[in-house]
$ cat input-v7.txt   # compact mmCIF, C-alpha atoms
# COMPACT_ATOMS: atom_id res chain seq x y z
CA MET I 1 5.43 -40.86 -66.76
CA THR I 2 4.92 -41.00 -63.04
CA PHE I 3 4.50 -38.30 -60.46
CA ASN I 4 7.89 -39.20 -59.07
CA SER I 5 10.43 -36.78 -60.52
CA ARG I 6 13.12 -39.47 -60.58
CA THR I 7 11.38 -41.21 -63.44
CA ILE I 8 11.01 -38.11 -65.58
CA SER I 9 12.94 -38.93 -68.73
CA LEU I 10 15.37 -36.19 -69.62
CA LYS I 11 17.63 -37.22 -72.44
CA ASN I 12 19.77 -34.14 -72.80
CA LYS I 13 22.81 -34.20 -70.48
CA ASN I 14 22.59 -30.45 -69.91
CA ASP I 15 18.96 -30.75 -68.87
CA ILE I 16 19.79 -33.55 -66.46
CA ARG I 17 22.56 -31.41 -64.96
CA LEU I 18 20.20 -28.43 -64.74
CA TYR I 19 17.60 -30.57 -62.98
CA PHE I 20 20.08 -31.78 -60.38
CA ILE I 21 21.43 -28.27 -59.82
CA GLY I 22 17.82 -27.08 -59.37
CA LYS I 23 17.11 -29.94 -57.00
CA PHE I 24 20.24 -29.15 -54.98
CA LEU I 25 19.24 -25.48 -54.70
CA LEU I 26 15.67 -26.46 -53.80
CA TYR I 27 16.94 -28.70 -51.01
CA ILE I 28 19.16 -25.91 -49.69
CA ILE I 29 16.19 -23.50 -49.62
CA LEU I 30 14.01 -26.13 -47.93
CA PHE I 31 16.77 -26.84 -45.41
CA PHE I 32 16.90 -23.16 -44.43
CA PHE I 33 13.08 -23.02 -44.34
CA VAL I 34 12.95 -25.94 -41.89
CA ILE I 35 15.78 -24.45 -39.81
CA SER I 36 14.03 -21.06 -39.60
CA LEU I 37 10.72 -22.73 -38.70
CA ALA I 38 12.43 -24.80 -36.00
CA GLN I 39 14.13 -21.67 -34.68
CA LYS I 40 10.78 -19.87 -34.55
CA ILE I 41 9.31 -22.75 -32.53
CA ILE I 42 12.28 -23.52 -30.28
CA PHE I 43 13.50 -19.95 -29.73
CA PRO I 44 10.31 -17.90 -30.13
CA SER I 45 9.92 -14.16 -29.84
CA LYS I 46 6.87 -12.31 -28.61
CA SER I 47 5.95 -8.81 -29.69
CA PHE I 48 4.01 -6.28 -27.61
CA THR I 49 2.87 -2.99 -29.15
CA TYR I 50 1.05 0.17 -28.30
CA SER I 51 -0.21 2.67 -30.86
CA PHE I 52 -0.52 6.21 -29.46
CA ASN I 53 -2.77 7.14 -32.41
CA HIS I 54 -5.17 4.28 -31.67
CA SER I 55 -4.99 4.01 -27.92
CA LYS I 56 -8.19 1.94 -27.71
CA SER I 57 -7.19 -0.56 -30.40
CA LEU I 58 -7.54 -4.21 -29.40
CA LYS I 59 -4.12 -4.83 -30.95
CA ASN I 60 -2.48 -2.87 -28.14
CA ASN I 61 -1.12 -5.48 -25.77
CA LEU I 62 1.02 -3.30 -23.55
CA ASN I 63 -1.06 -2.49 -20.50
CA ASP I 64 -1.48 -0.04 -17.60
CA PHE I 65 -0.06 2.87 -19.56
CA ASN I 66 0.76 5.92 -17.49
CA ILE I 67 2.68 9.13 -18.16
CA SER I 68 3.64 10.92 -14.97
CA ASP I 69 4.25 14.65 -14.54
CA ASN I 70 8.00 14.11 -14.35
CA GLU I 71 8.07 12.74 -17.92
CA ILE I 72 8.19 9.06 -17.01
CA LEU I 73 6.18 6.68 -19.13
CA SER I 74 5.41 3.41 -17.39
CA PHE I 75 3.61 0.31 -18.58
CA TYR I 76 3.46 -3.44 -18.01
CA VAL I 77 3.97 -6.57 -20.07
CA SER I 78 2.80 -9.94 -18.81
CA THR I 79 4.29 -13.17 -20.06
CA LEU I 80 4.90 -16.58 -18.54
CA GLN I 81 7.75 -17.49 -20.85
CA LYS I 82 11.38 -16.70 -20.09
CA PHE I 83 13.23 -14.63 -22.67
CA SER I 84 16.84 -13.53 -23.12
CA ASN I 85 16.43 -9.90 -24.13
CA ILE I 86 13.97 -7.23 -25.22
CA ASP I 87 14.22 -5.08 -28.33
CA PHE I 88 12.57 -1.82 -27.52
CA ILE I 89 11.44 0.60 -30.28
CA LEU I 90 9.82 4.00 -29.87
CA GLU I 91 8.58 5.79 -32.98
CA PHE I 92 7.70 9.48 -33.14
CA LYS I 93 5.57 11.43 -35.60
CA GLU I 94 8.37 13.88 -36.24
CA THR I 95 12.10 13.78 -35.57
CA PRO I 96 12.35 14.59 -31.85
CA THR I 97 15.17 15.68 -29.57
CA PHE I 98 14.98 12.74 -27.24
CA SER I 99 17.53 11.06 -25.01
CA GLY I 100 15.51 8.58 -23.02
CA LYS I 101 16.48 5.61 -20.95
CA VAL I 102 14.40 2.45 -20.55
CA ASN I 103 14.29 0.51 -17.27
CA VAL I 104 12.71 -2.87 -16.69
CA GLN I 105 11.83 -4.72 -13.48
CA LYS I 106 10.23 -8.12 -12.98
CA SER I 107 7.73 -9.19 -10.33
CA TYR I 108 3.96 -8.77 -9.87
CA LYS I 109 2.09 -5.49 -10.44
CA ALA I 110 0.79 -5.37 -6.87
CA PHE I 111 4.27 -5.84 -5.42
CA PHE I 112 5.30 -2.59 -7.16
CA TYR I 113 2.66 -0.70 -5.16
CA PRO I 114 4.02 1.97 -2.80
CA GLU I 115 4.51 0.86 0.77
CA GLY I 116 1.72 1.78 3.20
CA LYS I 117 1.56 1.81 6.98
CA PRO I 118 2.61 -1.48 8.66
CA ILE I 119 -0.14 -3.67 10.10
CA ARG I 120 0.15 -4.53 13.80
CA ASN I 121 -3.30 -5.94 14.39
CA TRP I 122 -4.51 -9.25 12.95
CA SER I 123 -8.08 -7.92 12.77
CA GLU I 124 -6.96 -5.78 9.82
CA VAL I 125 -5.82 -8.84 7.86
CA LYS I 126 -8.25 -10.78 5.71
CA GLU I 127 -6.23 -13.16 3.58
CA ASN I 128 -7.48 -14.26 0.16
CA PHE I 129 -8.02 -17.95 -0.52
CA LEU I 130 -8.56 -20.23 -3.51
CA VAL I 131 -11.66 -22.37 -3.95
CA SER I 132 -12.45 -24.93 -6.63
CA GLN I 133 -15.92 -25.57 -8.01
CA GLY I 134 -16.12 -28.23 -10.71
CA GLU I 135 -13.30 -27.40 -13.10
CA SER I 136 -13.23 -23.72 -12.10
CA VAL I 137 -11.01 -22.09 -9.52
CA TYR I 138 -11.95 -18.83 -7.80
CA LEU I 139 -9.87 -16.43 -5.78
CA ILE I 140 -11.95 -15.22 -2.86
CA SER I 141 -11.12 -11.70 -1.76
CA GLY I 142 -13.38 -10.33 0.98
CA ASP I 143 -16.93 -10.61 -0.35
CA LYS I 144 -15.76 -10.90 -3.96
CA LYS I 145 -14.85 -13.91 -6.09
CA TYR I 146 -12.47 -13.74 -9.03
CA PRO I 147 -12.64 -16.60 -11.54
CA ILE I 148 -9.19 -17.62 -12.85
CA ASN I 149 -9.26 -18.04 -16.61
CA ASN I 150 -6.78 -20.90 -17.09
CA PRO I 151 -3.93 -22.89 -15.45
CA GLU I 152 -1.35 -20.61 -17.13
CA THR I 153 -2.80 -17.59 -15.34
CA PHE I 154 -2.86 -19.55 -12.08
CA VAL I 155 0.86 -20.32 -12.41
CA ALA I 156 1.68 -16.83 -13.75
CA MET I 157 0.08 -15.21 -10.69
CA GLY I 158 2.25 -17.30 -8.39
CA PHE I 159 -0.56 -19.29 -6.77
CA ASN I 160 0.10 -22.68 -5.22
CA TRP I 161 -1.94 -25.68 -6.40
CA LYS I 162 -1.92 -27.06 -2.84
CA ALA I 163 -3.69 -23.92 -1.63
CA ILE I 164 -6.94 -24.76 -3.46
CA ARG I 165 -9.77 -25.64 -1.08
CA SER I 166 -12.72 -27.72 -2.19
CA GLY I 167 -15.83 -25.60 -2.65
CA LYS I 168 -18.22 -28.58 -2.38
CA ASN I 169 -19.63 -27.53 0.97
CA MET I 170 -19.37 -23.81 0.36
CA ASP I 171 -22.00 -21.40 -0.88
CA LEU I 172 -20.06 -19.42 -3.47
CA SER I 173 -23.16 -17.54 -4.64
CA LYS I 174 -22.85 -15.16 -1.70
CA TYR I 175 -19.66 -13.73 -3.21
CA GLU I 176 -19.96 -11.01 -5.83
CA LYS I 177 -18.51 -12.25 -9.14
CA GLN I 178 -15.72 -10.08 -10.54
CA LYS I 179 -13.91 -9.82 -13.85
CA LEU I 180 -11.92 -12.87 -14.96
CA LEU I 181 -8.35 -12.94 -13.66
CA THR I 182 -5.95 -13.14 -16.60
CA ILE I 183 -2.17 -13.05 -16.86
CA LYS I 184 -2.47 -9.23 -17.13
CA SER I 185 -4.52 -8.81 -13.95
CA VAL I 186 -3.30 -7.30 -10.74
CA HIS I 187 -3.54 -9.29 -7.48
CA PRO I 188 -6.63 -8.06 -5.62
CA ASP I 189 -6.81 -6.77 -2.04
CA GLY I 190 -6.09 -9.45 0.54
CA THR I 191 -3.11 -10.89 -1.35
CA ILE I 192 -0.08 -11.63 0.81
CA PHE I 193 3.44 -11.58 -0.59
CA LEU I 194 6.39 -13.25 1.15
CA THR I 195 9.79 -11.84 0.24
CA ASN I 196 13.17 -13.57 0.21
CA LYS I 197 13.95 -11.65 3.44
CA ASN I 198 11.01 -13.32 5.22
CA ARG I 199 8.94 -10.14 5.19
CA TYR I 200 5.21 -10.45 4.61
CA PHE I 201 3.31 -7.74 2.72
CA TYR I 202 -0.45 -7.36 2.65
CA ILE I 203 -2.11 -5.75 -0.41
CA GLU I 204 -4.82 -3.23 0.38
CA ASN I 205 -6.21 -0.24 -1.58
CA GLY I 206 -3.25 0.12 -3.95
CA LYS I 207 -0.66 -0.14 -1.16
CA LYS I 208 1.50 -2.97 0.17
CA ARG I 209 1.57 -3.01 3.95
CA LEU I 210 4.18 -4.84 6.00
CA LEU I 211 2.72 -7.41 8.39
CA ASP I 212 4.59 -6.44 11.53
CA PHE I 213 4.34 -9.66 13.56
CA PRO I 214 6.87 -12.22 14.81
CA LEU I 215 7.97 -14.59 12.05
CA THR I 216 6.77 -17.73 13.83
CA GLU I 217 3.32 -16.22 14.20
CA LEU I 218 3.24 -15.24 10.51
CA GLN I 219 4.35 -18.73 9.44
CA GLN I 220 1.62 -20.28 11.59
CA LYS I 221 -1.19 -18.07 10.29
CA ILE I 222 -0.25 -17.62 6.63
CA HIS I 223 0.15 -20.86 4.73
CA TYR I 224 0.32 -19.99 1.05
CA PRO I 225 1.78 -16.52 0.46
CA ILE I 226 2.96 -15.53 -3.01
CA LEU I 227 6.72 -15.65 -3.20
CA VAL I 228 8.56 -12.54 -4.36
CA ASN I 229 12.11 -11.24 -4.26
CA GLU I 230 12.96 -7.81 -2.89
CA LYS I 231 15.59 -7.51 -5.62
CA SER I 232 12.65 -6.98 -8.00
CA LEU I 233 12.23 -3.52 -6.49
CA SER I 234 15.90 -2.56 -6.38
CA GLU I 235 17.27 -4.26 -9.47
CA LEU I 236 16.77 -2.35 -12.71
CA ASN I 237 17.96 -3.43 -16.10
CA SER I 238 18.43 -0.36 -18.29
CA CYS I 239 19.39 0.68 -21.77
CA GLN I 240 19.88 4.05 -23.42
CA MET I 241 17.62 4.77 -26.40
CA GLN I 242 19.49 5.53 -29.61
CA LYS I 243 18.37 7.05 -32.86
CA SER I 244 17.89 4.51 -35.64
CA PHE I 245 20.46 4.68 -38.45
CA PHE I 246 17.80 4.35 -41.16
CA ASN I 247 14.90 6.26 -39.66
CA SER I 248 15.46 9.43 -37.63
CA LYS I 249 11.96 9.20 -36.12
CA LYS I 250 12.75 5.82 -34.57
CA TYR I 251 14.63 5.19 -31.35
CA HIS I 252 15.67 1.77 -30.17
CA CYS I 253 17.65 -0.13 -27.58
CA ARG I 254 18.15 -3.69 -26.35
CA LEU I 255 17.52 -4.71 -22.75
CA SER I 256 19.14 -7.83 -21.34
CA LEU I 257 16.96 -9.97 -19.07
CA LYS I 258 19.78 -12.19 -17.80
CA GLU I 259 19.97 -10.57 -14.36
CA ILE I 260 16.24 -10.47 -13.68
CA ASN I 261 15.11 -13.71 -15.35
CA SER I 262 15.51 -15.76 -12.19
CA LEU I 263 13.32 -13.40 -10.15
CA PRO I 264 9.80 -14.64 -9.40
CA GLY I 265 6.87 -13.05 -11.21
CA SER I 266 5.41 -12.84 -14.68
CA GLN I 267 4.86 -9.10 -15.00
CA TYR I 268 7.51 -6.76 -16.36
CA ARG I 269 7.36 -3.11 -15.38
CA PHE I 270 8.84 -0.69 -17.89
CA GLU I 271 9.79 2.91 -17.39
CA VAL I 272 10.85 5.28 -20.15
CA GLU I 273 12.63 8.32 -18.71
CA ASN I 274 12.47 11.80 -20.29
CA PHE I 275 9.42 10.83 -22.28
CA PRO I 276 8.10 13.89 -24.16
CA THR I 277 4.73 14.75 -22.66
CA GLU I 278 3.49 16.54 -25.79
CA ASN I 279 1.56 14.30 -28.12
CA SER I 280 4.46 13.34 -30.40
CA ALA I 281 4.93 9.59 -29.94
CA GLN I 282 3.36 7.32 -32.49
CA MET I 283 4.16 3.72 -31.69
CA LEU I 284 5.88 1.70 -29.01
CA ASN I 285 7.08 -1.85 -29.48
CA ALA I 286 8.76 -4.29 -27.12
CA THR I 287 9.85 -7.59 -28.66
CA PHE I 288 10.91 -10.31 -26.24
CA ASN I 289 13.51 -12.59 -27.83
CA LYS I 290 15.11 -15.88 -26.99
CA THR I 291 18.68 -16.20 -28.15
CA VAL I 292 19.89 -19.40 -29.74
CA SER I 293 21.79 -21.04 -26.90
CA LYS I 294 22.31 -24.40 -25.22
CA GLU I 295 20.42 -23.29 -22.08
CA ASN I 296 17.39 -22.18 -24.08
CA LEU I 297 17.44 -25.41 -26.07
CA LYS I 298 17.57 -27.43 -22.84
CA LEU I 299 14.73 -25.34 -21.42
CA PHE I 300 12.65 -25.92 -24.55
CA LEU I 301 13.27 -29.67 -24.50
CA SER I 302 12.44 -30.03 -20.82
CA ASN I 303 9.24 -27.97 -21.28
CA PHE I 304 8.32 -29.99 -24.35
CA VAL I 305 8.74 -33.31 -22.54
CA LYS I 306 6.78 -31.94 -19.57
CA LYS I 307 3.92 -30.77 -21.81
CA VAL I 308 3.77 -34.07 -23.70
CA PHE I 309 3.77 -35.96 -20.41
CA ASN I 310 0.99 -33.77 -19.01
CA ARG I 311 -1.09 -34.14 -22.14
CA LEU I 312 -0.79 -37.90 -22.28
CA GLN I 313 -1.38 -38.20 -18.55
CA ILE I 314 -4.94 -36.82 -18.96
CA SER I 315 -6.06 -40.08 -20.51
CA ASN I 316 -4.17 -42.14 -17.91
CA ILE I 317 -5.91 -40.40 -15.03
CA LYS I 318 -9.36 -41.02 -16.50
CA THR I 319 -8.70 -44.69 -17.30
CA MET Y 1 -1.37 -18.53 -77.97
CA LYS Y 2 1.39 -20.21 -76.01
CA LEU Y 3 1.61 -19.43 -72.35
CA PHE Y 4 5.36 -20.14 -72.16
CA PRO Y 5 6.45 -19.28 -75.70
CA LYS Y 6 10.18 -19.08 -74.96
CA ILE Y 7 10.51 -21.98 -72.54
CA SER Y 8 11.25 -25.32 -74.11
CA SER Y 9 9.28 -28.37 -73.05
CA ASN Y 10 12.47 -29.83 -71.56
CA LYS Y 11 12.83 -26.84 -69.25
CA LEU Y 12 9.16 -27.12 -68.30
CA LEU Y 13 9.77 -30.78 -67.58
CA ILE Y 14 12.58 -29.76 -65.20
CA VAL Y 15 10.28 -27.25 -63.47
CA TYR Y 16 7.61 -29.93 -63.27
CA GLY Y 17 10.07 -32.35 -61.67
CA LEU Y 18 11.27 -29.76 -59.17
CA LEU Y 19 7.70 -28.83 -58.25
CA GLY Y 20 7.01 -32.55 -57.75
CA ASP Y 21 9.96 -32.74 -55.35
CA LEU Y 22 8.71 -29.64 -53.56
CA SER Y 23 5.21 -31.05 -53.21
CA LYS Y 24 6.55 -34.32 -51.81
CA PHE Y 25 8.63 -32.45 -49.24
CA SER Y 26 5.65 -30.21 -48.35
CA LEU Y 27 3.49 -33.28 -47.83
CA TYR Y 28 5.98 -34.90 -45.43
CA LEU Y 29 6.40 -31.61 -43.58
CA SER Y 30 2.61 -31.16 -43.30
CA LEU Y 31 2.24 -34.69 -41.89
CA ALA Y 32 4.93 -34.03 -39.27
CA LEU Y 33 3.52 -30.61 -38.32
CA LEU Y 34 -0.05 -31.92 -38.03
CA LEU Y 35 1.12 -34.78 -35.84
CA LEU Y 36 2.95 -32.36 -33.53
CA GLU Y 37 -0.03 -29.99 -33.46
CA ASN Y 38 -2.36 -32.82 -32.50
CA LEU Y 39 0.04 -33.97 -29.83
CA LEU Y 40 0.31 -30.47 -28.32
CA PRO Y 41 -2.45 -28.14 -29.54
CA GLY Y 42 -1.06 -24.68 -30.23
CA PHE Y 43 2.53 -25.87 -30.26
CA ILE Y 44 2.90 -25.30 -34.01
CA SER Y 45 -0.10 -23.12 -34.86
CA THR Y 46 1.07 -20.25 -32.61
CA HIS Y 47 4.14 -19.87 -34.83
CA PHE Y 48 2.96 -21.22 -38.16
CA SER Y 49 -0.19 -20.49 -40.16
CA PHE Y 50 -1.75 -23.75 -41.36
CA PHE Y 51 -4.25 -21.68 -43.36
CA ARG Y 52 -1.55 -19.94 -45.41
CA TRP Y 53 0.30 -23.22 -45.73
CA SER Y 54 -2.77 -24.98 -47.13
CA ILE Y 55 -3.30 -22.13 -49.64
CA LEU Y 56 0.33 -22.48 -50.78
CA LEU Y 57 -0.08 -26.25 -51.10
CA SER Y 58 -3.28 -25.85 -53.12
CA PHE Y 59 -1.53 -23.38 -55.40
CA LEU Y 60 1.37 -25.83 -55.82
CA ILE Y 61 -0.97 -28.69 -56.72
CA VAL Y 62 -2.85 -26.53 -59.25
CA LEU Y 63 0.47 -25.47 -60.80
CA ILE Y 64 1.70 -29.08 -61.04
CA SER Y 65 -1.50 -30.29 -62.64
CA PHE Y 66 -1.50 -27.32 -65.04
CA LEU Y 67 2.11 -28.03 -66.09
CA GLY Y 68 1.37 -31.73 -66.37
CA LYS Y 69 -1.52 -30.95 -68.71
CA LYS Y 70 0.65 -28.56 -70.72
CA LEU Y 71 3.30 -31.25 -71.10
CA SER Y 72 0.66 -33.89 -71.83
CA LEU Y 73 1.80 -35.91 -68.83
CA SER Y 74 -0.44 -38.27 -66.98
CA PHE Y 75 -0.07 -39.86 -63.60
CA SER Y 76 0.81 -43.51 -63.64
CA GLU Y 77 -1.56 -45.89 -61.98
CA ASN Y 78 -0.20 -45.96 -58.49
CA LYS Y 79 -0.50 -49.26 -56.72
CA PHE Y 80 -1.53 -48.61 -53.18
CA GLY Y 81 1.06 -50.85 -51.51
CA ILE Y 82 0.57 -52.59 -48.21
CA VAL Y 83 3.40 -50.61 -46.60
CA LEU Y 84 1.95 -47.27 -47.72
CA ALA Y 85 -1.58 -48.31 -46.70
CA SER Y 86 -0.31 -49.40 -43.27
CA PHE Y 87 1.53 -46.10 -42.88
CA VAL Y 88 -1.56 -44.03 -43.81
CA LEU Y 89 -3.81 -46.06 -41.51
CA PHE Y 90 -1.31 -45.83 -38.66
CA TYR Y 91 -1.02 -42.06 -39.20
CA ILE Y 92 -4.81 -41.63 -39.16
CA PHE Y 93 -5.06 -43.80 -36.05
CA ILE Y 94 -2.36 -41.82 -34.18
CA ASN Y 95 -3.98 -38.51 -35.11
CA LEU Y 96 -7.45 -39.67 -34.11
CA PHE Y 97 -6.01 -40.87 -30.83
CA LEU Y 98 -4.18 -37.61 -30.15
CA VAL Y 99 -7.08 -35.27 -30.87
CA ASN Y 100 -9.32 -37.23 -28.51
CA LEU Y 101 -7.02 -37.33 -25.51
CA LYS Y 102 -9.67 -35.68 -23.35
CA PHE Y 103 -11.75 -38.86 -23.53
CA THR Y 104 -10.90 -41.86 -21.40
CA PHE Y 105 -8.40 -44.33 -22.80
CA ARG Y 106 -11.11 -46.88 -23.69
CA GLU Y 107 -13.40 -44.29 -25.30
CA ASN Y 108 -10.46 -42.94 -27.24
CA LEU Y 109 -9.57 -46.39 -28.57
CA VAL Y 110 -13.16 -46.96 -29.68
CA ILE Y 111 -13.26 -43.56 -31.43
CA ALA Y 112 -9.91 -44.14 -33.15
CA PHE Y 113 -10.84 -47.63 -34.39
CA SER Y 114 -14.29 -46.44 -35.51
CA GLY Y 115 -12.61 -43.60 -37.40
CA LEU Y 116 -10.35 -46.10 -39.13
CA ALA Y 117 -13.27 -48.36 -40.03
CA ILE Y 118 -15.25 -45.41 -41.46
CA THR Y 119 -12.21 -44.30 -43.52
CA PHE Y 120 -11.82 -47.82 -44.87
CA LEU Y 121 -15.54 -48.07 -45.77
CA PHE Y 122 -15.46 -44.70 -47.52
CA TYR Y 123 -12.39 -45.78 -49.47
CA LYS Y 124 -14.10 -49.03 -50.48
CA SER Y 125 -17.36 -47.44 -51.54
CA PHE Y 126 -15.79 -44.58 -53.52
CA PHE Y 127 -12.71 -46.13 -55.13
CA LYS Y 128 -13.52 -49.79 -55.65

$ encode --input "input-v7.txt" --output "structure tokens"
Amino acid sequence: MTFNSRTISLKNKNDIRLYFIGKFLLYIILFFFVISLAQKIIFPSKSFTYSFNHSKSLKNNLNDFNISDNEILSFYVSTLQKFSNIDFILEFKETPTFSGKVNVQKSYKAFFYPEGKPIRNWSEVKENFLVSQGESVYLISGDKKYPINNPETFVAMGFNWKAIRSGKNMDLSKYEKQKLLTIKSVHPDGTIFLTNKNRYFYIENGKKRLLDFPLTELQQKIHYPILVNEKSLSELNSCQMQKSFFNSKKYHCRLSLKEINSLPGSQYRFEVENFPTENSAQMLNATFNKTVSKENLKLFLSNFVKKVFNRLQISNIKT
Amino acid sequence: MKLFPKISSNKLLIVYGLLGDLSKFSLYLSLALLLLENLLPGFISTHFSFFRWSILLSFLIVLISFLGKKLSLSFSENKFGIVLASFVLFYIFINLFLVNLKFTFRENLVIAFSGLAITFLFYKSFFK
């Protein structure tokens, strides 16, 4: 008797048939297992939740929660990946009378700031810059330095690799060290956004201020602005929340990301209209999905090849 | 007291065979997944729990050995063929190389070959 099942000696014809039927079924199950695993890897989904009962729980990964007086709940989700749609679920403690609408926009948190007074004097502008020290990169904003936690955050925040200055001859100790910049962070004061309409905005004290100078002057003085699209402010993707068929306390809707996917930025701003201000909501969940499609498969393959290339290149560079 | 009083030994033999097939498949899948994970860290493990997988595999192996004992089956003496040995060594080498990509190419080669040599010495001292 060997471990190999082929050499198991079954003499009864019925048993042999049963074994092959079992093997066939096993292979079908394994086939579907591999397919589902591949689907999970190639077309992943990412879930973001917020529990109203445990608002300080570390599992809450929806950030910057705010409920305004006019019953609008707003929050942000940060992700670098591109998805096809979002399944949005809102669960209440008791069956509510709720007819909310969910809106989503894509850009950077700071670009959603309200517009402040335009700037007409260069002395008011102090642009941020990036400095490298060893393997670390810092964003210098005024007298503060913000360490950037990883390359993904760097890309997610829209920074340009060419903008990094060498910090070899700089004394970085004079800058006050701030919290690590992560994918969830907001761009600090001194950030400059350049829109698709060639308008430059300067971030200062929770406001974005238009740099009111001739374009040629702006292009000469500002080398690495963060690119944004003004459509991010005007274009809203919406869906109407509907009561779940199985659970009357649950409301859900699906938001398409097709129209806003091409916009620059990694931060999604959500707004839930007519949100009941009394303490009745229990849980909020936004699941970002990738649909099974040729485009997504192509995107996965190109990213995969790029990642493999980057990973193998590390050894080549050091050789 | 019999553990499977109503199941004939033939049926148990079928289950044993099917579990053997399942374990073989699981082994090939594990090899492929580990190779991919070492090539791109986090590529598989963000979607797939290797911990749960290893618990399932352990459970499967225990079940196979238990059934084998019940059926008074023993493993045949498996000759470790040259092809299989080359495959295992190549697999170990590739994995050692991939997990050490942060080293320089030369350092990585030295680590991978040393790893292979140590594996071979262990094998010799324990199994020969």

$ atom_distance --input "input-v7.txt" --atom1 "atom CA of I:Ala38" --atom2 "atom CA of Y:Ser23"
19.7 Å

$ atom_distance --input "input-v7.txt" --atom1 "atom CA of I:Glu204" --atom2 "atom CA of I:Val186"
11.9 Å

$ interface_residues --input "input-v7.txt" --of "chain Y" --to "chain I" --cutoff "9 Å" --atoms "all atoms listed in the file" --output "NGL selection string"
:Y and (10-11 or 13-22 or 24-25 or 29 or 39-40 or 43-44 or 46-48 or 73-78 or 98 or 101-106 or 108)

$ atom_distance --input "input-v7.txt" --atom1 "atom CA of I:Lys46" --atom2 "atom CA of I:Asp64"
18.5 Å

$ residues_near_point --input "input-v7.txt" --point "(9.1, 5.1, -28.6)" --cutoff "8 Å" --atoms "only C-alpha atoms" --output "ChimeraX atom specification"
/I:88-92,250-252,281-285

$ write_last_selection --input "input-v7.txt" --atoms "C-alpha atoms" --output "tab-separated table (two decimals), in the coordinates of the input"
chain	number	residue	atom	x	y	z
I	88	PHE	CA	12.57	-1.82	-27.52
I	89	ILE	CA	11.44	0.60	-30.28
I	90	LEU	CA	9.82	4.00	-29.87
I	91	GLU	CA	8.58	5.79	-32.98
I	92	PHE	CA	7.70	9.48	-33.14
I	250	LYS	CA	12.75	5.82	-34.57
I	251	TYR	CA	14.63	5.19	-31.35
I	252	HIS	CA	15.67	1.77	-30.17
I	281	ALA	CA	4.93	9.59	-29.94
I	282	GLN	CA	3.36	7.32	-32.49
I	283	MET	CA	4.16	3.72	-31.69
I	284	LEU	CA	5.88	1.70	-29.01
I	285	ASN	CA	7.08	-1.85	-29.48

$ closest_residue --input "input-v7.txt" --among "Y:Ser65, Y:Ser58, Y:Ile111, Y:Ser49" --to "Y:Leu33" --atoms "only C-alpha atoms"
Y:Ser49

$ axis_aligned_box --input "input-v7.txt" --around "stretch 38-57 of chain I" --padding-each-side "4 Å" --output "lines of an AutoDock Vina configuration file"
center_x = 3.0
center_y = -8.8
center_z = -31.8
size_x = 30.3
size_y = 39.9
size_z = 16.4

$ closest_residue --input "input-v7.txt" --among "Y:Ala117, Y:Phe126, Y:Leu12, Y:Gly42" --to "Y:Ile64" --atoms "all atoms listed in the file"
Y:Leu12

$ residues_around --input "input-v7.txt" --residues "stretch 167-181 of chain I" --least-positions-apart "2" --cutoff "8 Å" --atoms "only C-alpha atoms" --output "PyMOL selection string"
chain I and resi 131-133+140+143-149+153+165+183-185

$ decode --input "input-v7.txt" --residues "stretch 15-24 of chain Y" --atoms "N, CA and C atoms" --output "PDB file, in the first residue's frame"
ATOM      1  N   VAL Y  15     -12.429   6.813   1.438  1.00  0.00           N
ATOM      2  CA  VAL Y  15     -12.229   8.109   2.116  1.00  0.00           C
ATOM      3  C   VAL Y  15     -10.731   8.390   2.249  1.00  0.00           C
ATOM      4  N   TYR Y  16      -9.996   7.341   2.604  1.00  0.00           N
ATOM      5  CA  TYR Y  16      -8.546   7.466   2.766  1.00  0.00           C
ATOM      6  C   TYR Y  16      -7.894   7.916   1.445  1.00  0.00           C
ATOM      7  N   GLY Y  17      -8.324   7.287   0.365  1.00  0.00           N
ATOM      8  CA  GLY Y  17      -7.795   7.629  -0.963  1.00  0.00           C
ATOM      9  C   GLY Y  17      -8.118   9.062  -1.339  1.00  0.00           C
ATOM     10  N   LEU Y  18      -9.372   9.460  -1.064  1.00  0.00           N
ATOM     11  CA  LEU Y  18      -9.784  10.826  -1.404  1.00  0.00           C
ATOM     12  C   LEU Y  18      -9.025  11.856  -0.561  1.00  0.00           C
ATOM     13  N   LEU Y  19      -8.828  11.526   0.718  1.00  0.00           N
ATOM     14  CA  LEU Y  19      -8.068  12.448   1.577  1.00  0.00           C
ATOM     15  C   LEU Y  19      -6.620  12.552   1.100  1.00  0.00           C
ATOM     16  N   GLY Y  20      -6.091  11.417   0.598  1.00  0.00           N
ATOM     17  CA  GLY Y  20      -4.734  11.419   0.031  1.00  0.00           C
ATOM     18  C   GLY Y  20      -4.659  12.363  -1.165  1.00  0.00           C
ATOM     19  N   ASP Y  21      -5.679  12.285  -2.030  1.00  0.00           N
ATOM     20  CA  ASP Y  21      -5.737  13.178  -3.199  1.00  0.00           C
ATOM     21  C   ASP Y  21      -5.800  14.633  -2.749  1.00  0.00           C
ATOM     22  N   LEU Y  22      -6.633  14.858  -1.729  1.00  0.00           N
ATOM     23  CA  LEU Y  22      -6.805  16.222  -1.216  1.00  0.00           C
ATOM     24  C   LEU Y  22      -5.494  16.759  -0.638  1.00  0.00           C
ATOM     25  N   SER Y  23      -4.788  15.888   0.087  1.00  0.00           N
ATOM     26  CA  SER Y  23      -3.532  16.340   0.699  1.00  0.00           C
ATOM     27  C   SER Y  23      -2.486  16.666  -0.363  1.00  0.00           C
ATOM     28  N   LYS Y  24      -2.491  15.855  -1.442  1.00  0.00           N
ATOM     29  CA  LYS Y  24      -1.526  16.098  -2.524  1.00  0.00           C
ATOM     30  C   LYS Y  24      -1.804  17.464  -3.173  1.00  0.00           C
TER      31      LYS Y  24
END
